[in-house]
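Note sheet for the following structure.
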Amino acid sequence: MLHYQLSIEKPLQHFISFNGSFYSEKSTIQLQLATWRPGRYQLMNYAKNIRFFKAFDQSGTKLICKKTSKDCWEIETTPNSHIYFQYEYYACLLYTSPSPRD
């Protein structure tokens, strides 16, 4: 089961901190961020707004993480252990209205 917590420490900087944990029976785990936008049939690249992705084992040892695609991270774990991960997400997307001539 995946547990996670979101927090916004400095709202004016527009970063959301994500902290999560799960139990792993495997030696390698892949975490993948969805690419579709809920409520619309539109693919987005949400992963481009992620920074400082890292993972730790239950003793606090940093695990090897590598980004294997635009929206997937692979974590080398110790089998049968709890894994903790964290990252920041930039959540300020500025949209401009179409000009009246469009």
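Each chain in the structure tokens gets a letter, A, B, ..., in the order shown, and its residues are numbered from 1; ligands are numbered from 1 in order too.
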Please tabulate, as JSON lines, the residues of segment 39-98 of chain A that come within 12 Å of segment 23-31 of chain A, each with its closest pair of atoms and the distance in Å to one decimal, counting only C-alpha atoms and ordering rows by chain, then residue number upward.
{"residue": "A:Ala47", "atom": "CA", "partner": "A:Leu31", "partner_atom": "CA", "distance": 11.4}
{"residue": "A:Phe53", "atom": "CA", "partner": "A:Leu31", "partner_atom": "CA", "distance": 10.9}
{"residue": "A:Lys54", "atom": "CA", "partner": "A:Leu31", "partner_atom": "CA", "distance": 11.4}
{"residue": "A:Ala55", "atom": "CA", "partner": "A:Leu31", "partner_atom": "CA", "distance": 10.8}
{"residue": "A:Phe56", "atom": "CA", "partner": "A:Tyr23", "partner_atom": "CA", "distance": 12.0}
{"residue": "A:Asp57", "atom": "CA", "partner": "A:Tyr23", "partner_atom": "CA", "distance": 10.0}
{"residue": "A:Gln58", "atom": "CA", "partner": "A:Tyr23", "partner_atom": "CA", "distance": 9.8}
{"residue": "A:Leu63", "atom": "CA", "partner": "A:Thr28", "partner_atom": "CA", "distance": 10.5}
{"residue": "A:Ile64", "atom": "CA", "partner": "A:Thr28", "partner_atom": "CA", "distance": 9.9}
{"residue": "A:Cys65", "atom": "CA", "partner": "A:Gln30", "partner_atom": "CA", "distance": 9.4}
{"residue": "A:Lys66", "atom": "CA", "partner": "A:Gln30", "partner_atom": "CA", "distance": 9.6}
{"residue": "A:Lys67", "atom": "CA", "partner": "A:Gln30", "partner_atom": "CA", "distance": 9.4}
{"residue": "A:Thr68", "atom": "CA", "partner": "A:Gln30", "partner_atom": "CA", "distance": 8.9}
{"residue": "A:Ser69", "atom": "CA", "partner": "A:Gln30", "partner_atom": "CA", "distance": 10.6}
{"residue": "A:Lys70", "atom": "CA", "partner": "A:Leu31", "partner_atom": "CA", "distance": 11.6}
{"residue": "A:Asp71", "atom": "CA", "partner": "A:Leu31", "partner_atom": "CA", "distance": 8.4}
{"residue": "A:Cys72", "atom": "CA", "partner": "A:Leu31", "partner_atom": "CA", "distance": 5.7}
{"residue": "A:Trp73", "atom": "CA", "partner": "A:Leu31", "partner_atom": "CA", "distance": 5.3}
{"residue": "A:Glu74", "atom": "CA", "partner": "A:Gln30", "partner_atom": "CA", "distance": 4.4}
{"residue": "A:Ile75", "atom": "CA", "partner": "A:Ile29", "partner_atom": "CA", "distance": 5.2}
{"residue": "A:Glu76", "atom": "CA", "partner": "A:Thr28", "partner_atom": "CA", "distance": 4.6}
{"residue": "A:Thr77", "atom": "CA", "partner": "A:Ser27", "partner_atom": "CA", "distance": 4.7}
{"residue": "A:Thr78", "atom": "CA", "partner": "A:Ser27", "partner_atom": "CA", "distance": 5.3}
{"residue": "A:Pro79", "atom": "CA", "partner": "A:Lys26", "partner_atom": "CA", "distance": 4.6}
{"residue": "A:Asn80", "atom": "CA", "partner": "A:Glu25", "partner_atom": "CA", "distance": 4.2}
{"residue": "A:Ser81", "atom": "CA", "partner": "A:Ser24", "partner_atom": "CA", "distance": 5.5}
{"residue": "A:His82", "atom": "CA", "partner": "A:Tyr23", "partner_atom": "CA", "distance": 4.4}
{"residue": "A:Ile83", "atom": "CA", "partner": "A:Tyr23", "partner_atom": "CA", "distance": 6.1}
{"residue": "A:Tyr84", "atom": "CA", "partner": "A:Tyr23", "partner_atom": "CA", "distance": 8.9}
{"residue": "A:Phe85", "atom": "CA", "partner": "A:Leu31", "partner_atom": "CA", "distance": 9.9}
{"residue": "A:Gln86", "atom": "CA", "partner": "A:Leu31", "partner_atom": "CA", "distance": 11.6}
**Request:** Fewer than 6 positions away in the same chain doesn't count, so skip those; otherwise give me all residues within 9 Å of Leu2 of chain A, counting only C-alpha atoms, as a PyMOL selection string.
**Result:** chain A and resi 20-23
**Request:** Can you pull out every residue within 8 Å of Glu88 of chain A, counting only C-alpha atoms, but drop anything in the same chain fewer than 6 positions away, and send it as a PyMOL selection string?
**Result:** chain A and resi 15-18+50-53
Restrict the selected residues to N, CA and C atoms and save them as a compact mmCIF listing (two decimals), in the first residue's frame.
# COMPACT_ATOMS: atom_id res chain seq x y z
N PHE A 15 5.86 25.58 -4.88
CA PHE A 15 6.32 24.20 -4.85
C PHE A 15 5.52 23.40 -3.84
N ILE A 16 5.08 22.21 -4.25
CA ILE A 16 4.39 21.28 -3.37
C ILE A 16 5.39 20.16 -3.05
N SER A 17 5.55 19.86 -1.76
CA SER A 17 6.44 18.78 -1.35
C SER A 17 5.64 17.49 -1.23
N PHE A 18 6.12 16.43 -1.87
CA PHE A 18 5.50 15.12 -1.80
C PHE A 18 6.42 14.19 -1.02
N ILE A 50 8.95 18.31 -11.81
CA ILE A 50 9.46 17.65 -10.61
C ILE A 50 10.94 17.96 -10.44
N ARG A 51 11.31 18.23 -9.19
CA ARG A 51 12.73 18.42 -8.88
C ARG A 51 13.04 17.72 -7.56
N PHE A 52 14.30 17.42 -7.37
CA PHE A 52 14.82 16.81 -6.13
C PHE A 52 14.20 15.46 -5.82
N PHE A 53 13.98 14.62 -6.82
CA PHE A 53 13.45 13.27 -6.57
C PHE A 53 14.53 12.44 -5.90
**All strand (DSSP E) residues (DSSP, backbone) inside chain A, as a PyMOL selection string** = chain A and resi 3-7+15-24+28-32+50-57+65-69+72-76+81-90
Dump as a compact mmCIF listing (two decimals), in the first residue's frame, selection limited to C-alpha atoms:
# COMPACT_ATOMS: atom_id res chain seq x y z
CA HIS A 3 1.12 6.22 1.74
CA TYR A 4 1.83 9.83 0.85
CA GLN A 5 1.71 13.32 2.30
CA LEU A 6 1.61 16.69 0.55
CA SER A 7 2.72 19.97 2.06
CA PHE A 15 6.32 24.20 -4.85
CA ILE A 16 4.39 21.28 -3.37
CA SER A 17 6.44 18.78 -1.35
CA PHE A 18 5.50 15.12 -1.80
CA ASN A 19 6.59 12.45 0.70
CA GLY A 20 5.61 8.84 0.20
CA SER A 21 6.33 5.35 1.46
CA PHE A 22 5.54 1.78 0.48
CA TYR A 23 6.70 -1.75 1.19
CA SER A 24 8.75 -3.46 -1.51
CA THR A 28 14.07 -2.73 -8.23
CA ILE A 29 10.92 -0.62 -8.24
CA GLN A 30 9.59 1.76 -10.88
CA LEU A 31 7.50 4.78 -9.93
CA GLN A 32 5.63 6.39 -12.79
CA ILE A 50 9.46 17.65 -10.61
CA ARG A 51 12.73 18.42 -8.88
CA PHE A 52 14.82 16.81 -6.13
CA PHE A 53 13.45 13.27 -6.57
CA LYS A 54 15.14 10.96 -4.05
CA ALA A 55 14.46 7.73 -2.19
CA PHE A 56 15.64 6.20 1.10
CA ASP A 57 15.42 2.84 2.80
CA CYS A 65 17.36 6.46 -8.38
CA LYS A 66 17.50 7.03 -12.09
CA LYS A 67 15.01 8.54 -14.45
CA THR A 68 14.32 5.95 -17.13
CA SER A 69 11.82 7.94 -19.21
CA CYS A 72 9.32 7.12 -14.74
CA TRP A 73 11.97 6.65 -12.03
CA GLU A 74 13.67 3.38 -11.18
CA ILE A 75 14.76 2.81 -7.57
CA GLU A 76 17.25 0.14 -6.52
CA SER A 81 11.88 -3.35 3.04
CA HIS A 82 10.05 -0.06 3.41
CA ILE A 83 10.94 2.58 0.82
CA TYR A 84 10.51 6.31 1.36
CA PHE A 85 10.59 8.82 -1.49
CA GLN A 86 10.27 12.57 -1.81
CA TYR A 87 10.22 15.26 -4.45
CA GLU A 88 9.02 18.78 -5.11
CA TYR A 89 6.51 19.72 -7.78
CA TYR A 90 6.34 23.19 -9.32
**helix (DSSP H, G or I) residues, from DSSP on the backbone, in segment 2-58 of chain A, as number ranges by chain** = A: 11-13, 46-49
Go ahead and save the residues from that selection, with C-alpha atoms, as a JSON list (two decimals), in the first residue's frame.
[["chain", "number", "residue", "atom", "x", "y", "z"],
["A", 11, "PRO", "CA", 3.12, 28.99, -1.03],
["A", 12, "LEU", "CA", 4.54, 31.99, -2.88],
["A", 13, "GLN", "CA", 7.30, 29.81, -4.32],
["A", 46, "TYR", "CA", 3.72, 16.76, -15.51],
["A", 47, "ALA", "CA", 7.08, 15.15, -14.72],
["A", 48, "LYS", "CA", 8.92, 18.17, -16.17],
["A", 49, "ASN", "CA", 7.84, 20.10, -13.05]]
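A straight line drawn from atom CA of Met44 of chain A to atom CA of Ala91 of chain A is 13.5 Å long.
Between atom CA of Trp36 of chain A and atom CA of Lys10 of chain A the separation is 27.3 Å.
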